[in-house]
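Novice: Below you'll find the structure I mean.
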Amino acid sequence: MNRTNVLSYNLAPFLFPALAILLLAAGSLPAQSVQHLTVAQPGGWPGLPVMESLERQTNGVRITWAGPSGYYQVYQKSNRLTAPWLTLGKATNLVGNLVIPQLYSNAFYRVSGPAAKYVGYKACLTCHLKICGYVTNTAHASAFSDPLFKAAGGQTNSSCLPCHTVGYGLPTGFAITNRNGVLTYNANLAGVQCENCHGPAGNHAASPDDPTVIPKVDIAAAVCGGCHNGPMQPTYGEWSSSPHAAVTPGALASMSSSINNISSCGRCHSGSVRLAMIDGQNPVLLTNDLDIAITCVVCHDPHQTNANPAQLRNPMSSTNYFSLSTSDPFTNVYNANTNINLCGQCHNSRGAAWTDTARAPHRSLQYNFLLGSIGEFPFASATFDPGAHAGLPDSAQYSVSGTFYLTNQCAACHMQPDAPPATTHSHTFAITSYQVCMNCHLTEPGSTGAGTVISNNVSLVIYQLNLWAALKAPPALRTNGAVAWEYTTAGGLVWQTNSSGFVTSWALLDSASFNNGPNSAGQAMIPDAIKKARFDLYVLVNDGTLGTHNLSFAFELLTAAQTLIQQELY
């Protein structure tokens, strides 16, 4: 379709008052170099232009929008009722954003673009037969015909149809009539199909070689959030408030500063990098798209059906050892360990060992702590002590479309079922209720005092390490202002002592540069037993739960650390 025909449809343009610019903080972050959908729309990818933001720039205003693939025209006008719309540039915009001069102090903007031409998944079969074969067997494909949806009256409910059909409400989209109880509708657009997530594909089907009309491929959570949101499906809202919705600033800075860090940090801190690595692609090519978070499709594969519930890429539980070092070839290890707990794919120790001296173990080692598969013990040759929480068989259950799944391990506590009428389980990943604990425990966590005992023993280990530093450490380690037993870059432990030097309280901070340890030369002077003890200490505190994930193992680590230190003290 040529540009004239595209623009001749002149879909009802969206207006956006420039007054909204005044509400934006002057110091707002710069826009992403790669544009992702940020405004969730019922049905998935928008079939009409959707204005997403206005950002004040030094040379004007940056306007962004999303809509069907194709050319767009941008307009501006003053706030006078009879003022004419002025075209800004030519109708050749493909990228969905434009920096334009602000001609008026209080202006309005609009965009017009290609019509939404929906054709249904059958038009995709010629070129995408394999992937369509998978998709047609997913729950998405039966979203319109699902018995529960039908029984609830959803097939005639205009508030439900945008998320259970393709393009509902648009001229070429799904339409339904009810005449004397007989429903008539275009069945080829029923259910959730390719165009819900990738946008209208009629122009692409008509001209497959035209690069300007290729449907969108966006891994942003907002694509899913248009439907998986609200009282029945609160997933998107919950995810938005979770840590998974943002890239850790330190990790983003690390990836941005070094190409090598893109693969090492990005495999778990950047959704775009992780998906590229899963697909066997080179993530270094994504240097302008690192700040996409751990979105829905990082954990769920919308194109596949497998034995895992909810189309998860990996199972919800496992007891196999797994630790993916940053130096390991990701694809080889990931493919060989697809049976590892989905959360454990990232929440593992990253190959940490007591021989490391530059940094403490990463704070992602929860899977290994749960299984008791990390740590140093003076009288044991191997480590594997799964706690009771590693094998939760019946602690909680949730239902999806009438099918009940038993959750276990991480999901049992961190993804407790949402309250009715929701039919999902929580994606805040926070412990929202201790009721799930009461299925196995007679008392709520915290009432037994176990956490206090663990914390007191952590204080004791720090005291003993300080005692070694004061009495036994080589003089060269005690004269440079460093904490003699710490890692070169301290792990973040800070503490307070009483007049006798005993540690009365401690905390784990994101940064504790003032407690840094000796340099590499100084690290060589630290006895192995002290290195093993500090390793056990940081394994415990970096799990972040004071032993909740594996209480008996936590006591084993503390006992081992104390024994190792005593070997050097006496």
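Within each chain, counting starts at residue 1; across the structure tokens, chains are named A, B, ... in the order shown, with ligands numbered 1 upward in that order.
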Run DSSP on the backbone and grab whatever in segment 235-430 of chain A lands in strand (DSSP E or B); send it over as a PyMOL selection string.
Specialist: chain A and resi 300+312+359+396-400+403-407+417+425
Novice: When DSSP is applied to the backbone of this structure, which of segment 231-466 of chain A are assigned helix (DSSP H, G or I)? Write them out as number ranges by chain.
Specialist: A: 235-240, 243-245, 249-257, 259-269, 271-278, 283-286, 296-299, 309-311, 330-336, 343-345, 366-371, 388-391, 410-414, 435-439, 450-466
Novice: I'd like the contact shell of segment 177-182 of chain A - 12 Å cut-off, only C-alpha atoms, skipping same-chain residues fewer than 5 positions apart - returned as a short mmCIF file (atom, residue, chain, number, x, y, z; two decimals) with all heavy atoms, in the first residue's frame.
Specialist:
data_model
loop_
_atom_site.label_atom_id
_atom_site.label_comp_id
_atom_site.auth_asym_id
_atom_site.auth_seq_id
_atom_site.Cartn_x
_atom_site.Cartn_y
_atom_site.Cartn_z
N GLY A 153 -21.25 -15.31 29.77
CA GLY A 153 -21.83 -14.30 28.88
C GLY A 153 -20.82 -13.43 28.20
O GLY A 153 -21.16 -12.39 27.62
N GLN A 155 -19.21 -13.82 25.45
CA GLN A 155 -19.26 -13.76 23.98
C GLN A 155 -20.11 -12.61 23.46
O GLN A 155 -19.99 -12.25 22.28
CB GLN A 155 -19.78 -15.09 23.43
CG GLN A 155 -18.78 -16.23 23.58
CD GLN A 155 -19.27 -17.50 22.90
OE1 GLN A 155 -20.46 -17.77 22.82
NE2 GLN A 155 -18.33 -18.30 22.42
N THR A 156 -20.94 -12.06 24.31
CA THR A 156 -21.76 -10.91 23.88
C THR A 156 -21.50 -9.68 24.74
O THR A 156 -22.24 -8.71 24.66
CB THR A 156 -23.26 -11.28 23.95
OG1 THR A 156 -23.58 -11.72 25.29
CG2 THR A 156 -23.60 -12.37 22.97
N ASN A 157 -20.47 -9.71 25.52
CA ASN A 157 -20.15 -8.60 26.42
C ASN A 157 -19.07 -7.74 25.78
O ASN A 157 -17.93 -8.18 25.59
CB ASN A 157 -19.67 -9.15 27.78
CG ASN A 157 -19.53 -8.05 28.82
OD1 ASN A 157 -19.25 -6.91 28.51
ND2 ASN A 157 -19.75 -8.42 30.08
N SER A 158 -19.42 -6.51 25.45
CA SER A 158 -18.48 -5.64 24.73
C SER A 158 -17.25 -5.29 25.57
O SER A 158 -16.23 -4.89 25.02
CB SER A 158 -19.19 -4.35 24.29
OG SER A 158 -19.71 -3.66 25.42
#
Novice: What's around Asn550 of chain A at 8 Å? Count only C-alpha atoms, leave out sequence neighbours fewer than 3 positions away in its own chain, and write the answer as a ChimeraX atom specification.
Specialist: /A:369-372,386-389,547,553-554
Novice: Which residue out of A:His269, A:Lys472, A:His164, A:Lys90 has the minimum interatomic distance to Ile530 of chain A when only C-alpha atoms are used?
Specialist: A:Lys472
Novice: Neighbouring residues of Ser364 of chain A were defined as those with any atom within 8 Å, considering only C-alpha atoms; residues of the same chain fewer than 6 positions away were excluded. Please report them as an mmCIF file with C-alpha atoms, in the first residue's frame.
Specialist:
data_model
loop_
_atom_site.group_PDB
_atom_site.id
_atom_site.type_symbol
_atom_site.label_atom_id
_atom_site.label_comp_id
_atom_site.auth_asym_id
_atom_site.auth_seq_id
_atom_site.Cartn_x
_atom_site.Cartn_y
_atom_site.Cartn_z
ATOM 1 C CA CYS A 346 18.598 -16.407 37.629
ATOM 2 C CA HIS A 347 18.436 -16.720 41.401
ATOM 3 C CA ASN A 348 21.551 -18.867 41.672
ATOM 4 C CA SER A 349 25.063 -18.360 42.995
ATOM 5 C CA ARG A 350 26.633 -17.632 39.577
ATOM 6 C CA ASN A 542 22.974 -12.682 50.853
ATOM 7 C CA ASP A 543 20.131 -15.202 50.727
#
Novice: Restricting the calculation to only C-alpha atoms, which member of A:Tyr185, A:Phe108, A:Phe377, A:Phe502 is positioned closest to Lys532 of chain A?
Specialist: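 Checking each candidate against Lys532 of chain A, we get A:Phe377 as the closest.
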Novice: For Thr331 of chain A, please output as a PyMOL selection string all residues within 7 Å (counting only C-alpha atoms; exclusion window: fewer than 2 positions along the same chain).
Specialist: chain A and resi 277-278+280+329+333-335
Novice: Need to verify the contact set: Leu48 of chain A, 7 Å, only C-alpha atoms, exclusion of same-chain residues closer than 2 positions in sequence. Can you return it as a ChimeraX atom specification?
Specialist: /A:46,50,67-68,116
Novice: Include all heavy atoms and write out the residues we just selected as an mmCIF file, in the first residue's frame.
Specialist:
data_model
loop_
_atom_site.group_PDB
_atom_site.id
_atom_site.type_symbol
_atom_site.label_atom_id
_atom_site.label_comp_id
_atom_site.auth_asym_id
_atom_site.auth_seq_id
_atom_site.Cartn_x
_atom_site.Cartn_y
_atom_site.Cartn_z
ATOM 1 N N PRO A 46 -2.069 -1.939 19.861
ATOM 2 C CA PRO A 46 -3.148 -1.054 19.413
ATOM 3 C C PRO A 46 -3.362 -1.072 17.907
ATOM 4 O O PRO A 46 -2.405 -1.098 17.131
ATOM 5 C CB PRO A 46 -2.695 0.329 19.894
ATOM 6 C CG PRO A 46 -1.210 0.213 20.052
ATOM 7 C CD PRO A 46 -0.942 -1.197 20.461
ATOM 8 N N VAL A 50 -1.938 5.459 19.239
ATOM 9 C CA VAL A 50 -2.077 5.778 20.662
ATOM 10 C C VAL A 50 -0.936 6.698 21.049
ATOM 11 O O VAL A 50 0.234 6.335 20.950
ATOM 12 C CB VAL A 50 -2.041 4.503 21.527
ATOM 13 C CG1 VAL A 50 -2.048 4.858 23.007
ATOM 14 C CG2 VAL A 50 -3.217 3.606 21.194
ATOM 15 N N GLY A 67 1.115 2.234 17.186
ATOM 16 C CA GLY A 67 -0.015 1.882 16.332
ATOM 17 C C GLY A 67 0.400 0.871 15.284
ATOM 18 O O GLY A 67 1.492 0.288 15.355
ATOM 19 N N PRO A 68 -0.441 0.619 14.290
ATOM 20 C CA PRO A 68 -0.105 -0.336 13.232
ATOM 21 C C PRO A 68 1.165 0.057 12.487
ATOM 22 O O PRO A 68 1.531 1.238 12.428
ATOM 23 C CB PRO A 68 -1.331 -0.270 12.304
ATOM 24 C CG PRO A 68 -2.429 0.269 13.153
ATOM 25 C CD PRO A 68 -1.783 1.201 14.121
ATOM 26 N N ALA A 116 -6.194 -0.053 10.357
ATOM 27 C CA ALA A 116 -5.992 -1.379 10.947
ATOM 28 C C ALA A 116 -6.670 -2.420 10.068
ATOM 29 O O ALA A 116 -7.887 -2.537 10.055
ATOM 30 C CB ALA A 116 -6.574 -1.406 12.352
#
